[in-house]
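Visitor: To be precise about what I am sending: the file is called entry37.pdb and holds PDB, C-alpha atoms.
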ATOM      1  CA  ASN A   1      63.512 -27.630 -45.123  1.00  0.00           C
ATOM      2  CA  ASP A   2      63.950 -23.873 -45.310  1.00  0.00           C
ATOM      3  CA  ASN A   3      60.368 -22.823 -45.942  1.00  0.00           C
ATOM      4  CA  ALA A   4      57.168 -23.317 -43.999  1.00  0.00           C
ATOM      5  CA  PRO A   5      54.075 -24.384 -45.903  1.00  0.00           C
ATOM      6  CA  ALA A   6      51.367 -21.809 -46.525  1.00  0.00           C
ATOM      7  CA  PHE A   7      47.713 -22.060 -47.451  1.00  0.00           C
ATOM      8  CA  GLU A   8      46.805 -21.348 -51.069  1.00  0.00           C
ATOM      9  CA  HIS A   9      44.629 -18.226 -51.302  1.00  0.00           C
ATOM     10  CA  ALA A  10      45.138 -17.533 -47.587  1.00  0.00           C
ATOM     11  CA  ASP A  11      43.562 -14.078 -47.846  1.00  0.00           C
ATOM     12  CA  ASP A  12      40.201 -15.395 -48.982  1.00  0.00           C
ATOM     13  CA  LEU A  13      39.656 -18.791 -47.385  1.00  0.00           C
ATOM     14  CA  ILE A  14      35.877 -18.970 -47.230  1.00  0.00           C
ATOM     15  CA  GLY A  15      33.723 -22.051 -47.070  1.00  0.00           C
ATOM     16  CA  HIS A  16      29.979 -22.383 -47.215  1.00  0.00           C
ATOM     17  CA  VAL A  17      27.433 -24.555 -45.491  1.00  0.00           C
ATOM     18  CA  THR A  18      23.686 -24.276 -45.911  1.00  0.00           C
ATOM     19  CA  GLU A  19      21.536 -24.155 -42.801  1.00  0.00           C
ATOM     20  CA  ASN A  20      20.241 -27.537 -41.608  1.00  0.00           C
ATOM     21  CA  GLU A  21      22.730 -29.511 -43.699  1.00  0.00           C
ATOM     22  CA  PRO A  22      23.465 -32.921 -42.196  1.00  0.00           C
ATOM     23  CA  VAL A  23      26.485 -33.353 -39.949  1.00  0.00           C
ATOM     24  CA  GLY A  24      29.566 -34.235 -41.979  1.00  0.00           C
ATOM     25  CA  VAL A  25      28.932 -31.916 -44.925  1.00  0.00           C
ATOM     26  CA  THR A  26      32.075 -30.459 -46.515  1.00  0.00           C
ATOM     27  CA  VAL A  27      32.619 -26.777 -45.741  1.00  0.00           C
ATOM     28  CA  LEU A  28      35.829 -26.320 -47.755  1.00  0.00           C
ATOM     29  CA  THR A  29      39.037 -28.064 -48.729  1.00  0.00           C
ATOM     30  CA  LEU A  30      42.299 -26.501 -47.590  1.00  0.00           C
ATOM     31  CA  ARG A  31      45.325 -26.664 -49.850  1.00  0.00           C
ATOM     32  CA  ALA A  32      48.897 -25.778 -49.007  1.00  0.00           C
ATOM     33  CA  THR A  33      52.057 -25.112 -50.958  1.00  0.00           C
ATOM     34  CA  ASP A  34      55.710 -25.133 -50.007  1.00  0.00           C
ATOM     35  CA  PRO A  35      58.623 -23.998 -52.172  1.00  0.00           C
ATOM     36  CA  ASP A  36      60.859 -26.737 -50.736  1.00  0.00           C
ATOM     37  CA  LEU A  37      61.396 -29.676 -53.017  1.00  0.00           C
ATOM     38  CA  PRO A  38      60.396 -33.168 -51.848  1.00  0.00           C
ATOM     39  CA  PRO A  39      60.888 -34.775 -49.432  1.00  0.00           C
ATOM     40  CA  ASN A  40      60.569 -31.544 -47.449  1.00  0.00           C
ATOM     41  CA  GLY A  41      57.807 -30.041 -49.591  1.00  0.00           C
ATOM     42  CA  GLY A  42      55.059 -32.448 -48.640  1.00  0.00           C
ATOM     43  CA  PRO A  43      53.005 -34.298 -47.856  1.00  0.00           C
ATOM     44  CA  PHE A  44      51.241 -31.853 -45.572  1.00  0.00           C
ATOM     45  CA  SER A  45      49.277 -32.472 -42.411  1.00  0.00           C
ATOM     46  CA  TYR A  46      46.419 -30.253 -41.291  1.00  0.00           C
ATOM     47  CA  GLN A  47      45.330 -29.771 -37.690  1.00  0.00           C
ATOM     48  CA  LEU A  48      42.470 -27.836 -36.135  1.00  0.00           C
ATOM     49  CA  VAL A  49      44.135 -25.730 -33.429  1.00  0.00           C
ATOM     50  CA  GLY A  50      41.396 -23.488 -32.081  1.00  0.00           C
ATOM     51  CA  GLY A  51      39.121 -20.582 -32.742  1.00  0.00           C
ATOM     52  CA  PRO A  52      35.707 -19.644 -31.365  1.00  0.00           C
ATOM     53  CA  HIS A  53      33.837 -22.224 -33.475  1.00  0.00           C
ATOM     54  CA  ALA A  54      36.363 -25.072 -33.550  1.00  0.00           C
ATOM     55  CA  SER A  55      33.825 -27.425 -31.986  1.00  0.00           C
ATOM     56  CA  TYR A  56      31.626 -27.081 -35.100  1.00  0.00           C
ATOM     57  CA  VAL A  57      34.157 -28.571 -37.527  1.00  0.00           C
ATOM     58  CA  GLN A  58      36.701 -31.316 -38.023  1.00  0.00           C
ATOM     59  CA  VAL A  59      39.679 -31.310 -40.390  1.00  0.00           C
ATOM     60  CA  ASP A  60      40.987 -34.364 -42.190  1.00  0.00           C
ATOM     61  CA  ALA A  61      44.702 -34.358 -41.343  1.00  0.00           C
ATOM     62  CA  GLU A  62      45.768 -35.772 -44.727  1.00  0.00           C
ATOM     63  CA  THR A  63      43.394 -34.136 -47.207  1.00  0.00           C
ATOM     64  CA  GLY A  64      42.592 -30.781 -45.578  1.00  0.00           C
ATOM     65  CA  VAL A  65      38.855 -31.353 -45.998  1.00  0.00           C
ATOM     66  CA  VAL A  66      36.877 -29.402 -43.395  1.00  0.00           C
ATOM     67  CA  ARG A  67      33.519 -30.951 -42.431  1.00  0.00           C
ATOM     68  CA  THR A  68      30.840 -30.037 -39.926  1.00  0.00           C
ATOM     69  CA  ARG A  69      30.667 -31.910 -36.619  1.00  0.00           C
ATOM     70  CA  GLN A  70      27.232 -30.535 -35.760  1.00  0.00           C
ATOM     71  CA  LYS A  71      24.354 -28.766 -37.468  1.00  0.00           C
ATOM     72  CA  VAL A  72      24.803 -25.038 -38.030  1.00  0.00           C
ATOM     73  CA  ASP A  73      21.967 -22.628 -37.190  1.00  0.00           C
ATOM     74  CA  HIS A  74      22.532 -19.448 -39.182  1.00  0.00           C
ATOM     75  CA  GLU A  75      20.381 -17.359 -36.819  1.00  0.00           C
ATOM     76  CA  THR A  76      22.657 -18.078 -33.849  1.00  0.00           C
ATOM     77  CA  THR A  77      25.903 -18.692 -35.743  1.00  0.00           C
ATOM     78  CA  PRO A  78      26.011 -16.787 -39.038  1.00  0.00           C
ATOM     79  CA  GLN A  79      29.768 -17.379 -39.441  1.00  0.00           C
ATOM     80  CA  LEU A  80      32.178 -20.067 -38.296  1.00  0.00           C
ATOM     81  CA  ARG A  81      35.666 -18.975 -37.322  1.00  0.00           C
ATOM     82  CA  PHE A  82      38.350 -21.523 -36.564  1.00  0.00           C
ATOM     83  CA  ASP A  83      42.116 -21.912 -36.859  1.00  0.00           C
ATOM     84  CA  VAL A  84      43.935 -24.623 -38.773  1.00  0.00           C
ATOM     85  CA  GLU A  85      47.667 -25.251 -38.869  1.00  0.00           C
ATOM     86  CA  VAL A  86      49.494 -26.897 -41.757  1.00  0.00           C
ATOM     87  CA  ARG A  87      52.822 -28.699 -41.390  1.00  0.00           C
ATOM     88  CA  ASP A  88      55.134 -30.380 -43.831  1.00  0.00           C
ATOM     89  CA  SER A  89      57.247 -33.503 -43.454  1.00  0.00           C
TER      90      SER A  89
END
Can you give me the file's structure in the form of structure tokens?
Guide:
Amino acid sequence: NDNAPAFEHADDLIGHVTENEPVGVTVLTLRATDPDLPPNGGPFSYQLVGGPHASYVQVDAETGVVRTRQKVDHETTPQLRFDVEVRDS
């Protein structure tokens, strides 16, 4: 396993959530790649590791789907910033 996984389109990872959406709405789906061949190339696991708005979201460890954990008020929180780590097997 010579290479670490990386997010696809890492320079422009932007999700969207409309104000007053119910809790649990999908914000975005993270995808990773790794040049290593299986078994070292995947599957990947995703983990929320911090950021100023980490409490607003949850990340599915297997699929990379990011969902809201609470309602988002765009007047008080116009952007959500959080950090996610991806690991391979």
Visitor: Measuring between all atoms listed in the file, which one of A:Thr18, A:Pro5, A:Leu48, A:Val25 shows the shortest distance to A:Gly64?
Guide: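 Looking only at the distances to A:Gly64, the closest residue turns out to be A:Leu48.
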Visitor: Hey, can you check how far atom CA of A:Ala4 sits from atom CA of A:Phe44?
Guide: 10.5 Å
Visitor: Which is closer to A:Pro35 than all the others in A:Asp11, A:Glu21, A:Gly51, A:Asp88, using all atoms listed in the file?
Guide: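 The closest residue to A:Pro35 is A:Asp88.
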Visitor: Which one is closest to A:Thr63: A:Val49, A:Ile14, A:Leu30, A:Val86? Count all atoms listed in the file.
Guide: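 Of the candidates, the smallest distance to A:Thr63 is held by A:Leu30.
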Visitor: Which is closer to A:Arg67 than all the others in A:Val23, A:Ala54, A:Leu80, A:Ala32, using all atoms listed in the file?
Guide: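 Using all atoms listed in the file, A:Arg67 sits closest to A:Val23.
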Visitor: Evaluate the PyMOL selection byres ((chain A and resi 84) around 12) and record the selected residues as number ranges by chain, following the chain and residue labels used in the document.
Guide: A: 6-7, 10, 13, 29-32, 45-51, 53-54, 57-61, 64-66, 81-83, 85-87
Visitor: I need the residue nearest A:Gln70 from this list: A:Asn20, A:Pro38, A:His9, A:Asn3. Use all atoms listed in the file for the distance.
Guide: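 The closest residue to A:Gln70 is A:Asn20.
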